[in-house]
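A.B. asks: So that you have it, the file is query10.txt, and it contains compact mmCIF, N, CA and C atoms:
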# COMPACT_ATOMS: atom_id res chain seq x y z
N TYR K 38 -108.37 -41.09 50.27
CA TYR K 38 -107.41 -40.02 50.47
C TYR K 38 -107.19 -39.75 51.95
N GLU K 39 -108.28 -39.78 52.70
CA GLU K 39 -108.19 -39.49 54.13
C GLU K 39 -107.30 -40.52 54.84
N LEU K 40 -107.49 -41.79 54.54
CA LEU K 40 -106.68 -42.83 55.17
C LEU K 40 -105.21 -42.70 54.75
N ALA K 41 -104.97 -42.35 53.50
CA ALA K 41 -103.59 -42.18 53.03
C ALA K 41 -102.92 -41.01 53.74
N VAL K 42 -103.63 -39.92 53.88
CA VAL K 42 -103.08 -38.74 54.56
C VAL K 42 -102.79 -39.06 56.03
N HIS K 43 -103.69 -39.79 56.67
CA HIS K 43 -103.47 -40.19 58.06
C HIS K 43 -102.25 -41.12 58.18
N THR K 44 -102.11 -42.03 57.23
CA THR K 44 -100.96 -42.92 57.22
C THR K 44 -99.66 -42.14 57.09
N LEU K 45 -99.66 -41.17 56.18
CA LEU K 45 -98.47 -40.34 56.01
C LEU K 45 -98.18 -39.51 57.26
N ALA K 46 -99.23 -38.99 57.89
CA ALA K 46 -99.05 -38.21 59.12
C ALA K 46 -98.42 -39.06 60.22
N ARG K 47 -98.88 -40.30 60.36
CA ARG K 47 -98.30 -41.20 61.36
C ARG K 47 -96.83 -41.49 61.07
N ALA K 48 -96.44 -41.38 59.80
CA ALA K 48 -95.04 -41.61 59.40
C ALA K 48 -94.21 -40.32 59.48
N GLY K 49 -94.86 -39.23 59.93
CA GLY K 49 -94.14 -37.97 60.10
C GLY K 49 -94.20 -37.02 58.93
N VAL K 50 -95.07 -37.28 57.96
CA VAL K 50 -95.20 -36.42 56.79
C VAL K 50 -96.36 -35.46 56.99
N ASP K 51 -96.08 -34.17 56.92
CA ASP K 51 -97.11 -33.15 57.06
C ASP K 51 -97.61 -32.75 55.67
N THR K 52 -98.69 -33.35 55.24
CA THR K 52 -99.23 -33.04 53.92
C THR K 52 -99.91 -31.68 53.88
N ASN K 53 -100.12 -31.05 55.05
CA ASN K 53 -100.75 -29.74 55.09
C ASN K 53 -99.88 -28.66 54.46
N GLN K 54 -98.60 -28.91 54.29
CA GLN K 54 -97.73 -27.92 53.67
C GLN K 54 -97.83 -27.93 52.15
N PHE K 55 -98.67 -28.82 51.62
CA PHE K 55 -98.89 -28.92 50.18
C PHE K 55 -100.36 -28.65 49.88
N SER K 56 -100.64 -28.20 48.68
CA SER K 56 -102.03 -27.95 48.30
C SER K 56 -102.80 -29.27 48.25
N THR K 57 -104.09 -29.19 48.48
CA THR K 57 -104.94 -30.37 48.43
C THR K 57 -104.87 -31.02 47.05
N SER K 58 -104.85 -30.19 46.00
CA SER K 58 -104.80 -30.74 44.64
C SER K 58 -103.48 -31.48 44.38
N TYR K 59 -102.39 -30.97 44.94
CA TYR K 59 -101.10 -31.64 44.80
C TYR K 59 -101.12 -32.99 45.52
N VAL K 60 -101.61 -33.01 46.75
CA VAL K 60 -101.66 -34.26 47.53
C VAL K 60 -102.53 -35.28 46.81
N ARG K 61 -103.68 -34.86 46.32
CA ARG K 61 -104.58 -35.77 45.61
C ARG K 61 -103.92 -36.32 44.34
N ALA K 62 -103.26 -35.44 43.58
CA ALA K 62 -102.61 -35.87 42.34
C ALA K 62 -101.49 -36.86 42.66
N ALA K 63 -100.71 -36.59 43.71
CA ALA K 63 -99.64 -37.50 44.10
C ALA K 63 -100.21 -38.85 44.50
N LEU K 64 -101.24 -38.83 45.31
CA LEU K 64 -101.86 -40.08 45.77
C LEU K 64 -102.51 -40.84 44.62
N ASP K 65 -103.04 -40.12 43.64
CA ASP K 65 -103.64 -40.77 42.47
C ASP K 65 -102.62 -41.63 41.73
N THR K 66 -101.36 -41.17 41.67
CA THR K 66 -100.35 -41.95 40.96
C THR K 66 -99.96 -43.21 41.72
N CYS K 67 -100.30 -43.26 43.00
CA CYS K 67 -99.97 -44.43 43.84
C CYS K 67 -101.14 -45.40 43.94
N MET K 68 -102.33 -44.93 43.62
CA MET K 68 -103.54 -45.73 43.78
C MET K 68 -103.47 -47.02 42.96
N GLY K 69 -103.82 -48.10 43.61
CA GLY K 69 -103.84 -49.40 42.94
C GLY K 69 -102.48 -50.07 42.85
N LYS K 70 -101.45 -49.41 43.34
CA LYS K 70 -100.09 -49.96 43.25
C LYS K 70 -99.62 -50.58 44.56
N LEU K 71 -100.33 -50.32 45.64
CA LEU K 71 -99.89 -50.77 46.96
C LEU K 71 -100.88 -51.78 47.53
N ARG K 72 -100.36 -52.67 48.35
CA ARG K 72 -101.23 -53.65 49.00
C ARG K 72 -101.78 -53.11 50.31
N VAL K 73 -100.94 -52.37 51.04
CA VAL K 73 -101.36 -51.81 52.33
C VAL K 73 -100.87 -50.37 52.43
N PHE K 74 -101.57 -49.58 53.24
CA PHE K 74 -101.23 -48.16 53.37
C PHE K 74 -99.83 -47.93 53.90
N THR K 75 -99.31 -48.84 54.69
CA THR K 75 -97.98 -48.63 55.27
C THR K 75 -96.88 -48.64 54.20
N GLU K 76 -97.18 -49.09 52.99
CA GLU K 76 -96.22 -49.07 51.89
C GLU K 76 -96.16 -47.70 51.23
N LEU K 77 -97.10 -46.83 51.55
CA LEU K 77 -97.23 -45.54 50.86
C LEU K 77 -95.99 -44.67 50.99
N LEU K 78 -95.43 -44.55 52.17
CA LEU K 78 -94.27 -43.68 52.36
C LEU K 78 -93.09 -44.16 51.51
N GLY K 79 -92.84 -45.44 51.49
CA GLY K 79 -91.74 -45.97 50.70
C GLY K 79 -91.95 -45.84 49.21
N TYR K 80 -93.21 -45.90 48.78
CA TYR K 80 -93.53 -45.85 47.37
C TYR K 80 -93.63 -44.43 46.84
N GLY K 81 -94.30 -43.57 47.58
CA GLY K 81 -94.55 -42.21 47.09
C GLY K 81 -94.11 -41.10 48.01
N GLY K 82 -93.31 -41.41 49.00
CA GLY K 82 -92.85 -40.40 49.95
C GLY K 82 -92.05 -39.28 49.31
N PHE K 83 -91.44 -39.55 48.16
CA PHE K 83 -90.65 -38.54 47.46
C PHE K 83 -91.46 -37.31 47.09
N TYR K 84 -92.78 -37.45 46.99
CA TYR K 84 -93.63 -36.30 46.67
C TYR K 84 -93.63 -35.26 47.79
N PHE K 85 -93.38 -35.71 49.00
CA PHE K 85 -93.58 -34.87 50.17
C PHE K 85 -92.28 -34.45 50.85
N THR K 86 -91.21 -34.40 50.09
CA THR K 86 -89.94 -33.92 50.60
C THR K 86 -89.30 -33.04 49.53
N GLU K 87 -88.52 -32.09 49.96
CA GLU K 87 -87.87 -31.23 48.98
C GLU K 87 -86.55 -31.81 48.51
N LYS K 88 -85.92 -32.63 49.33
CA LYS K 88 -84.62 -33.19 48.98
C LYS K 88 -84.73 -34.71 48.87
N VAL K 89 -84.31 -35.22 47.74
CA VAL K 89 -84.32 -36.66 47.50
C VAL K 89 -82.92 -37.20 47.78
N GLU K 90 -82.87 -38.22 48.59
CA GLU K 90 -81.59 -38.87 48.91
C GLU K 90 -81.32 -39.97 47.88
N LEU K 91 -80.17 -39.92 47.25
CA LEU K 91 -79.80 -40.96 46.30
C LEU K 91 -79.06 -42.06 47.05
N ASP K 92 -79.57 -43.28 46.94
CA ASP K 92 -78.89 -44.39 47.60
C ASP K 92 -77.71 -44.85 46.75
N ALA K 93 -77.00 -45.85 47.20
CA ALA K 93 -75.80 -46.33 46.51
C ALA K 93 -76.12 -46.80 45.09
N ASP K 94 -77.26 -47.48 44.93
CA ASP K 94 -77.65 -47.95 43.59
C ASP K 94 -77.91 -46.79 42.65
N ALA K 95 -78.57 -45.76 43.16
CA ALA K 95 -78.86 -44.57 42.33
C ALA K 95 -77.56 -43.89 41.92
N LYS K 96 -76.66 -43.72 42.87
CA LYS K 96 -75.37 -43.08 42.56
C LYS K 96 -74.58 -43.89 41.56
N ALA K 97 -74.61 -45.22 41.70
CA ALA K 97 -73.89 -46.09 40.76
C ALA K 97 -74.50 -46.01 39.36
N ALA K 98 -75.81 -45.84 39.29
CA ALA K 98 -76.49 -45.77 37.99
C ALA K 98 -76.21 -44.45 37.28
N LEU K 99 -75.87 -43.43 38.04
CA LEU K 99 -75.62 -42.11 37.44
C LEU K 99 -74.14 -41.98 37.05
N THR K 100 -73.75 -42.79 36.09
CA THR K 100 -72.40 -42.73 35.56
C THR K 100 -72.20 -41.41 34.82
N SER K 101 -70.99 -41.12 34.42
CA SER K 101 -70.75 -39.86 33.70
C SER K 101 -71.55 -39.83 32.40
N GLU K 102 -71.66 -40.97 31.73
CA GLU K 102 -72.45 -41.04 30.50
C GLU K 102 -73.94 -40.80 30.80
N ALA K 103 -74.44 -41.42 31.86
CA ALA K 103 -75.84 -41.24 32.25
C ALA K 103 -76.11 -39.79 32.64
N ARG K 104 -75.15 -39.15 33.28
CA ARG K 104 -75.30 -37.74 33.67
C ARG K 104 -75.40 -36.84 32.44
N GLU K 105 -74.59 -37.11 31.43
CA GLU K 105 -74.65 -36.32 30.20
C GLU K 105 -76.03 -36.46 29.55
N ARG K 106 -76.53 -37.67 29.53
CA ARG K 106 -77.86 -37.90 28.94
C ARG K 106 -78.94 -37.24 29.79
N LEU K 107 -78.81 -37.34 31.11
CA LEU K 107 -79.78 -36.72 32.01
C LEU K 107 -79.78 -35.20 31.82
N LYS K 108 -78.63 -34.62 31.61
CA LYS K 108 -78.56 -33.17 31.38
C LYS K 108 -79.33 -32.79 30.13
N LYS K 109 -79.18 -33.57 29.07
CA LYS K 109 -79.92 -33.29 27.83
C LYS K 109 -81.42 -33.44 28.06
N LEU K 110 -81.82 -34.45 28.83
CA LEU K 110 -83.24 -34.62 29.14
C LEU K 110 -83.73 -33.47 30.00
N ARG K 111 -82.92 -33.05 30.96
CA ARG K 111 -83.28 -31.92 31.83
C ARG K 111 -83.52 -30.67 30.98
N ASP K 112 -82.64 -30.43 30.01
CA ASP K 112 -82.80 -29.26 29.14
C ASP K 112 -84.07 -29.36 28.31
N ALA K 113 -84.37 -30.56 27.83
CA ALA K 113 -85.58 -30.77 27.03
C ALA K 113 -86.83 -30.56 27.88
N CYS K 114 -86.81 -31.06 29.11
CA CYS K 114 -87.96 -30.87 30.00
C CYS K 114 -88.12 -29.40 30.38
N GLY K 115 -87.01 -28.74 30.62
CA GLY K 115 -87.06 -27.32 30.99
C GLY K 115 -87.59 -26.44 29.88
N ALA K 116 -87.42 -26.87 28.64
CA ALA K 116 -87.86 -26.09 27.49
C ALA K 116 -89.34 -26.28 27.14
N LEU K 117 -90.00 -27.22 27.80
CA LEU K 117 -91.40 -27.49 27.48
C LEU K 117 -92.29 -26.31 27.87
N ALA K 118 -93.17 -25.93 26.97
CA ALA K 118 -94.12 -24.86 27.27
C ALA K 118 -95.21 -25.37 28.21
N ASP K 119 -95.60 -26.62 28.04
CA ASP K 119 -96.67 -27.21 28.84
C ASP K 119 -96.12 -28.48 29.49
N PHE K 120 -95.93 -28.44 30.81
CA PHE K 120 -95.27 -29.52 31.56
C PHE K 120 -96.29 -30.59 31.92
N THR K 121 -96.70 -31.37 30.93
CA THR K 121 -97.69 -32.43 31.13
C THR K 121 -97.06 -33.79 30.86
N ALA K 122 -97.69 -34.84 31.36
CA ALA K 122 -97.18 -36.20 31.16
C ALA K 122 -97.00 -36.51 29.68
N VAL K 123 -97.94 -36.11 28.87
CA VAL K 123 -97.87 -36.39 27.43
C VAL K 123 -96.66 -35.69 26.82
N ASN K 124 -96.45 -34.43 27.16
CA ASN K 124 -95.32 -33.68 26.61
C ASN K 124 -93.99 -34.17 27.18
N LEU K 125 -93.99 -34.56 28.45
CA LEU K 125 -92.77 -35.08 29.06
C LEU K 125 -92.36 -36.40 28.40
N GLU K 126 -93.33 -37.25 28.13
CA GLU K 126 -93.04 -38.51 27.45
C GLU K 126 -92.48 -38.25 26.05
N ALA K 127 -93.09 -37.31 25.34
CA ALA K 127 -92.61 -36.97 23.99
C ALA K 127 -91.20 -36.40 24.04
N ALA K 128 -90.92 -35.56 25.04
CA ALA K 128 -89.59 -34.97 25.17
C ALA K 128 -88.55 -36.06 25.46
N LEU K 129 -88.90 -37.00 26.33
CA LEU K 129 -87.96 -38.08 26.64
C LEU K 129 -87.70 -38.94 25.40
N LYS K 130 -88.75 -39.28 24.69
CA LYS K 130 -88.58 -40.11 23.50
C LYS K 130 -87.78 -39.40 22.42
N GLU K 131 -88.02 -38.11 22.25
CA GLU K 131 -87.28 -37.33 21.25
C GLU K 131 -85.81 -37.20 21.66
N THR K 132 -85.56 -37.02 22.94
CA THR K 132 -84.18 -36.92 23.43
C THR K 132 -83.47 -38.25 23.23
N ALA K 133 -84.13 -39.35 23.55
CA ALA K 133 -83.54 -40.67 23.36
C ALA K 133 -83.23 -40.90 21.88
N LYS K 134 -84.15 -40.53 21.02
CA LYS K 134 -83.96 -40.70 19.58
C LYS K 134 -82.76 -39.88 19.11
N SER K 135 -82.66 -38.64 19.58
CA SER K 135 -81.55 -37.78 19.15
C SER K 135 -80.20 -38.30 19.65
N LEU K 136 -80.23 -38.99 20.79
CA LEU K 136 -79.00 -39.57 21.34
C LEU K 136 -78.70 -40.96 20.79
N GLY K 137 -79.67 -41.53 20.07
CA GLY K 137 -79.49 -42.87 19.51
C GLY K 137 -79.54 -43.96 20.56
N VAL K 138 -80.35 -43.76 21.61
CA VAL K 138 -80.47 -44.75 22.68
C VAL K 138 -81.93 -45.12 22.88
N LYS K 139 -82.15 -46.21 23.59
CA LYS K 139 -83.51 -46.61 23.93
C LYS K 139 -84.05 -45.71 25.05
N ASN K 140 -85.35 -45.61 25.15
CA ASN K 140 -85.99 -44.74 26.14
C ASN K 140 -85.54 -45.07 27.57
N GLY K 141 -85.40 -46.35 27.88
CA GLY K 141 -85.04 -46.77 29.23
C GLY K 141 -83.71 -46.21 29.70
N VAL K 142 -82.83 -45.90 28.76
CA VAL K 142 -81.53 -45.33 29.10
C VAL K 142 -81.71 -43.95 29.76
N LEU K 143 -82.82 -43.29 29.45
CA LEU K 143 -83.13 -41.99 30.06
C LEU K 143 -84.12 -42.12 31.22
N VAL K 144 -85.02 -43.10 31.12
CA VAL K 144 -86.06 -43.27 32.14
C VAL K 144 -85.44 -43.55 33.51
N HIS K 145 -84.49 -44.45 33.56
CA HIS K 145 -83.93 -44.86 34.86
C HIS K 145 -83.17 -43.74 35.56
N PRO K 146 -82.26 -43.03 34.89
CA PRO K 146 -81.60 -41.91 35.57
C PRO K 146 -82.58 -40.81 35.99
N ALA K 147 -83.59 -40.55 35.16
CA ALA K 147 -84.58 -39.53 35.51
C ALA K 147 -85.37 -39.94 36.75
N ARG K 148 -85.75 -41.21 36.81
CA ARG K 148 -86.49 -41.71 37.98
C ARG K 148 -85.61 -41.62 39.23
N PHE K 149 -84.37 -42.07 39.14
CA PHE K 149 -83.46 -41.98 40.29
C PHE K 149 -83.32 -40.53 40.74
N ALA K 150 -83.11 -39.63 39.79
CA ALA K 150 -82.90 -38.22 40.13
C ALA K 150 -84.11 -37.60 40.82
N CYS K 151 -85.30 -37.96 40.37
CA CYS K 151 -86.51 -37.32 40.88
C CYS K 151 -87.15 -38.02 42.06
N THR K 152 -86.86 -39.32 42.24
CA THR K 152 -87.49 -40.06 43.33
C THR K 152 -86.48 -40.72 44.27
N GLY K 153 -85.27 -40.94 43.78
CA GLY K 153 -84.26 -41.64 44.57
C GLY K 153 -84.45 -43.14 44.56
N LYS K 154 -85.40 -43.62 43.77
CA LYS K 154 -85.75 -45.04 43.77
C LYS K 154 -85.72 -45.61 42.35
N PRO K 155 -85.52 -46.93 42.24
CA PRO K 155 -85.50 -47.56 40.92
C PRO K 155 -86.88 -47.84 40.33
N SER K 156 -87.92 -47.75 41.15
CA SER K 156 -89.27 -48.02 40.66
C SER K 156 -90.27 -47.14 41.40
N GLY K 157 -91.48 -47.08 40.85
CA GLY K 157 -92.51 -46.26 41.47
C GLY K 157 -93.60 -45.94 40.47
N PRO K 158 -94.32 -44.86 40.72
CA PRO K 158 -95.39 -44.47 39.81
C PRO K 158 -94.87 -44.19 38.40
N SER K 159 -95.77 -44.12 37.45
CA SER K 159 -95.42 -43.79 36.07
C SER K 159 -94.52 -42.55 36.05
N LEU K 160 -93.38 -42.67 35.39
CA LEU K 160 -92.42 -41.57 35.38
C LEU K 160 -93.04 -40.28 34.88
N TYR K 161 -93.73 -40.32 33.77
CA TYR K 161 -94.25 -39.10 33.16
C TYR K 161 -95.30 -38.44 34.05
N HIS K 162 -96.11 -39.25 34.69
CA HIS K 162 -97.14 -38.70 35.58
C HIS K 162 -96.52 -38.14 36.87
N LEU K 163 -95.53 -38.82 37.40
CA LEU K 163 -94.92 -38.31 38.62
C LEU K 163 -94.17 -37.02 38.34
N LEU K 164 -93.56 -36.91 37.16
CA LEU K 164 -92.89 -35.66 36.80
C LEU K 164 -93.89 -34.51 36.70
N GLU K 165 -95.03 -34.80 36.08
CA GLU K 165 -96.06 -33.78 35.96
C GLU K 165 -96.53 -33.33 37.34
N VAL K 166 -96.78 -34.28 38.23
CA VAL K 166 -97.25 -33.94 39.57
C VAL K 166 -96.20 -33.13 40.33
N LEU K 167 -94.95 -33.56 40.27
CA LEU K 167 -93.89 -32.82 40.95
C LEU K 167 -93.78 -31.39 40.42
N GLY K 168 -93.98 -31.23 39.15
CA GLY K 168 -93.93 -29.91 38.54
C GLY K 168 -92.53 -29.53 38.08
N ARG K 169 -92.51 -28.59 37.15
CA ARG K 169 -91.26 -28.16 36.52
C ARG K 169 -90.17 -27.78 37.52
N ASP K 170 -90.49 -26.93 38.48
CA ASP K 170 -89.46 -26.44 39.41
C ASP K 170 -88.83 -27.56 40.22
N ARG K 171 -89.65 -28.44 40.78
CA ARG K 171 -89.10 -29.55 41.58
C ARG K 171 -88.31 -30.52 40.71
N VAL K 172 -88.83 -30.84 39.53
CA VAL K 172 -88.15 -31.78 38.64
C VAL K 172 -86.78 -31.24 38.24
N LEU K 173 -86.73 -29.99 37.81
CA LEU K 173 -85.45 -29.42 37.38
C LEU K 173 -84.48 -29.32 38.55
N ALA K 174 -84.97 -28.95 39.72
CA ALA K 174 -84.11 -28.84 40.90
C ALA K 174 -83.56 -30.23 41.28
N ARG K 175 -84.39 -31.25 41.21
CA ARG K 175 -83.93 -32.60 41.56
C ARG K 175 -82.95 -33.14 40.54
N MET K 176 -83.19 -32.85 39.28
CA MET K 176 -82.23 -33.28 38.26
C MET K 176 -80.91 -32.55 38.44
N ASP K 177 -80.97 -31.25 38.74
CA ASP K 177 -79.75 -30.48 38.99
C ASP K 177 -78.98 -31.05 40.18
N ALA K 178 -79.69 -31.39 41.24
CA ALA K 178 -79.04 -31.95 42.43
C ALA K 178 -78.38 -33.29 42.10
N ALA K 179 -79.06 -34.12 41.33
CA ALA K 179 -78.48 -35.41 40.95
C ALA K 179 -77.25 -35.21 40.07
N LEU K 180 -77.32 -34.25 39.19
CA LEU K 180 -76.17 -33.99 38.31
C LEU K 180 -74.98 -33.46 39.09
N ALA K 181 -75.24 -32.75 40.18
CA ALA K 181 -74.18 -32.17 41.01
C ALA K 181 -73.62 -33.15 42.03
N SER K 182 -74.32 -34.27 42.26
CA SER K 182 -73.87 -35.20 43.32
C SER K 182 -72.70 -36.06 42.86
Would you mind giving the structure from this file in structure tokens?

C.D. replies:
Amino acid sequence: YELAVHTLARAGVDTNQFSTSYVRAALDTCMGKLRVFTELLGYGGFYFTEKVELDADAKAALTSEARERLKKLRDACGALADFTAVNLEAALKETAKSLGVKNGVLVHPARFACTGKPSGPSLYHLLEVLGRDRVLARMDAALAS
């Protein structure tokens, strides 16, 4: 954790503005996924910023149809009493089932909205770590873009 925090600091990320438990949980989702510490900012930097920038690929993926589906997923996530990875996964699967689509049709727009990237840590775990307020705000921002 110490080396990861130092790596992030060298990249200009002040992890001191976040709770220790949040930083540890975020780093836990990245553990074992990177070859070198310098990849950390690109892989998990979204945890340490309030605004996620959507690149051209993300914007292209958020078609009007994808936005409608993302809105339904956002509503399902917002209605959860307990914002945990297990419940988030169940909400996504139930939303996909109700829409008659495969899970991936919701996974990709949700990941783009919350991270700005096409890949990264487990979606359900990263959503749990980000927390309800950040997830809903990021989904709202993506829907408004």

A.B. asks: Counting all atoms listed in the file, figure out which residue out of K:Ala178, K:Ala46, K:Ala41, K:Val166 gets nearest to Phe120 in chain K.

C.D. replies: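 Using all atoms listed in the file, Phe120 in chain K sits closest to K:Val166.
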
A.B. asks: Determine, counting only C-alpha atoms, which protein, DNA and RNA residues have an atom within 12 Å of an atom of range 133-139 of chain K; residues of the same chain fewer than 2 positions away are not included. Present the result as a list in words.

C.D. replies: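 That gives Glu102, Ala103, Glu105, Arg106, Leu107, Lys108, Lys109, Leu110, Ala113, Glu126, Ala127, Ala128, Leu129, Lys130, Glu131, Gly141, Val142, Leu143, Val144 and His145 of chain K.
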
A.B. asks: Counting only C-alpha atoms, figure out which residue out of K:Ala63, K:Ala48, K:Ala98, K:Ala116 gets nearest to His162 in chain K.

C.D. replies: K:Ala63

A.B. asks: Can you work out which one of K:Leu40, K:Ala62, K:Leu71, K:Leu163 has the shortest atom-to-atom distance to Leu125 in chain K, counting only C-alpha atoms?

C.D. replies: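 Of the candidates, the smallest distance to Leu125 in chain K is held by K:Leu163.
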
A.B. asks: Per DSSP on the backbone, filter range 64-176 of chain K down to the residues in alpha helix (DSSP H) and report them as a PyMOL selection string.

C.D. replies: chain K and resi 64-67+77-81+93-98+101-115+122-136+141-152+160-167+169-176

A.B. asks: Tell me which of K:Gly79, K:Arg104, K:Phe85, K:Gly115 sits closest to Thr52 in chain K, counting only N, CA and C atoms.

C.D. replies: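 Smallest separation from Thr52 in chain K among the options: K:Phe85.
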
A.B. asks: For the point (-102.3, -36.3, 56.0) in the file's frame, write as a PyMOL selection string all residues with an atom no more than 6.5 Å away, counting only N, CA and C atoms.

C.D. replies: chain K and resi 41-46+50-53

A.B. asks: Distance table requested - range 48-77 of chain K against range 153-158 of chain K, cut-off 12 Å, only C-alpha atoms: one row per qualifying residue with the closest atom pair and its distance in Å to one decimal, ordered by chain and rising residue number, as a tab-separated table.

C.D. replies:
residue	atom	partner	partner_atom	distance
K:Ala62	CA	K:Pro158	CA	11.5
K:Ala63	CA	K:Pro158	CA	9.2
K:Leu64	CA	K:Pro158	CA	9.8
K:Asp65	CA	K:Pro158	CA	9.4
K:Thr66	CA	K:Pro158	CA	5.7
K:Cys67	CA	K:Pro158	CA	6.1
K:Met68	CA	K:Pro158	CA	9.2
K:Gly69	CA	K:Pro158	CA	10.3
K:Lys70	CA	K:Pro158	CA	8.0
K:Leu71	CA	K:Gly157	CA	10.2
K:Glu76	CA	K:Gly157	CA	11.4
K:Leu77	CA	K:Gly157	CA	10.5

A.B. asks: Select, from K:Val89, K:Ala97, K:Ala118, K:Val73, the residue with the minimum atom-to-atom distance to Cys151 in chain K, counting only N, CA and C atoms.

C.D. replies: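 Under the stated criterion, the closest residue is K:Val89.
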
A.B. asks: Rank K:Val60, K:Arg175, K:Asn124, K:Leu78 by their smallest atom-to-atom distance to Tyr38 in chain K, using all atoms listed in the file, and report the top residue only.

C.D. replies: K:Val60

A.B. asks: What is the CA of Gly81 in chain K to CA of Asp112 in chain K distance in Å?

C.D. replies: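 About the pair CA of Gly81 in chain K and CA of Asp112 in chain K: they are 25.1 Å apart.
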
A.B. asks: What is the atom C of Ala122 in chain K to CA of Tyr161 in chain K distance in Å?

C.D. replies: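 Those two atoms sit 5.1 Å apart.
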
A.B. asks: Mind working out the centre and edge lengths of an axis-aligned box for range 49-58 of chain K, all listed atoms inside, 8 Å added to each side, rounded to one decimal in Å and written as lines of an AutoDock Vina configuration file?

C.D. replies:
center_x = -99.5
center_y = -33.6
center_z = 52.2
size_x = 26.8
size_y = 27.3
size_z = 31.7

A.B. asks: Mind dumping range 62-75 of chain K from that block, keeping N, CA and C atoms, as an mmCIF file, in the first residue's frame?

C.D. replies:
data_model
loop_
_atom_site.group_PDB
_atom_site.id
_atom_site.type_symbol
_atom_site.label_atom_id
_atom_site.label_comp_id
_atom_site.auth_asym_id
_atom_site.auth_seq_id
_atom_site.Cartn_x
_atom_site.Cartn_y
_atom_site.Cartn_z
ATOM 1 N N ALA K 62 -9.245 -0.065 0.045
ATOM 2 C CA ALA K 62 -10.247 -0.817 -0.714
ATOM 3 C C ALA K 62 -10.035 -0.609 -2.211
ATOM 4 N N ALA K 63 -9.748 0.632 -2.621
ATOM 5 C CA ALA K 63 -9.491 0.917 -4.034
ATOM 6 C C ALA K 63 -8.265 0.155 -4.513
ATOM 7 N N LEU K 64 -7.207 0.211 -3.736
ATOM 8 C CA LEU K 64 -5.973 -0.481 -4.125
ATOM 9 C C LEU K 64 -6.154 -1.992 -4.136
ATOM 10 N N ASP K 65 -6.988 -2.509 -3.244
ATOM 11 C CA ASP K 65 -7.255 -3.950 -3.224
ATOM 12 C C ASP K 65 -7.845 -4.431 -4.547
ATOM 13 N N THR K 66 -8.686 -3.595 -5.178
ATOM 14 C CA THR K 66 -9.291 -4.013 -6.451
ATOM 15 C C THR K 66 -8.278 -4.015 -7.588
ATOM 16 N N CYS K 67 -7.154 -3.344 -7.385
ATOM 17 C CA CYS K 67 -6.103 -3.269 -8.411
ATOM 18 C C CYS K 67 -5.010 -4.312 -8.193
ATOM 19 N N MET K 68 -4.944 -4.850 -6.994
ATOM 20 C CA MET K 68 -3.876 -5.774 -6.630
ATOM 21 C C MET K 68 -3.872 -7.006 -7.534
ATOM 22 N N GLY K 69 -2.702 -7.341 -8.003
ATOM 23 C CA GLY K 69 -2.542 -8.522 -8.846
ATOM 24 C C GLY K 69 -2.898 -8.288 -10.307
ATOM 25 N N LYS K 70 -3.327 -7.092 -10.640
ATOM 26 C CA LYS K 70 -3.744 -6.791 -12.014
ATOM 27 C C LYS K 70 -2.684 -6.023 -12.798
ATOM 28 N N LEU K 71 -1.691 -5.493 -12.101
ATOM 29 C CA LEU K 71 -0.689 -4.642 -12.737
ATOM 30 C C LEU K 71 0.681 -5.303 -12.691
ATOM 31 N N ARG K 72 1.498 -4.987 -13.681
ATOM 32 C CA ARG K 72 2.858 -5.523 -13.699
ATOM 33 C C ARG K 72 3.811 -4.611 -12.938
ATOM 34 N N VAL K 73 3.606 -3.299 -13.071
ATOM 35 C CA VAL K 73 4.472 -2.325 -12.401
ATOM 36 C C VAL K 73 3.608 -1.217 -11.800
ATOM 37 N N PHE K 74 4.134 -0.576 -10.755
ATOM 38 C CA PHE K 74 3.368 0.460 -10.061
ATOM 39 C C PHE K 74 3.005 1.633 -10.960
ATOM 40 N N THR K 75 3.813 1.914 -11.957
ATOM 41 C CA THR K 75 3.527 3.068 -12.815
ATOM 42 C C THR K 75 2.243 2.884 -13.630
#
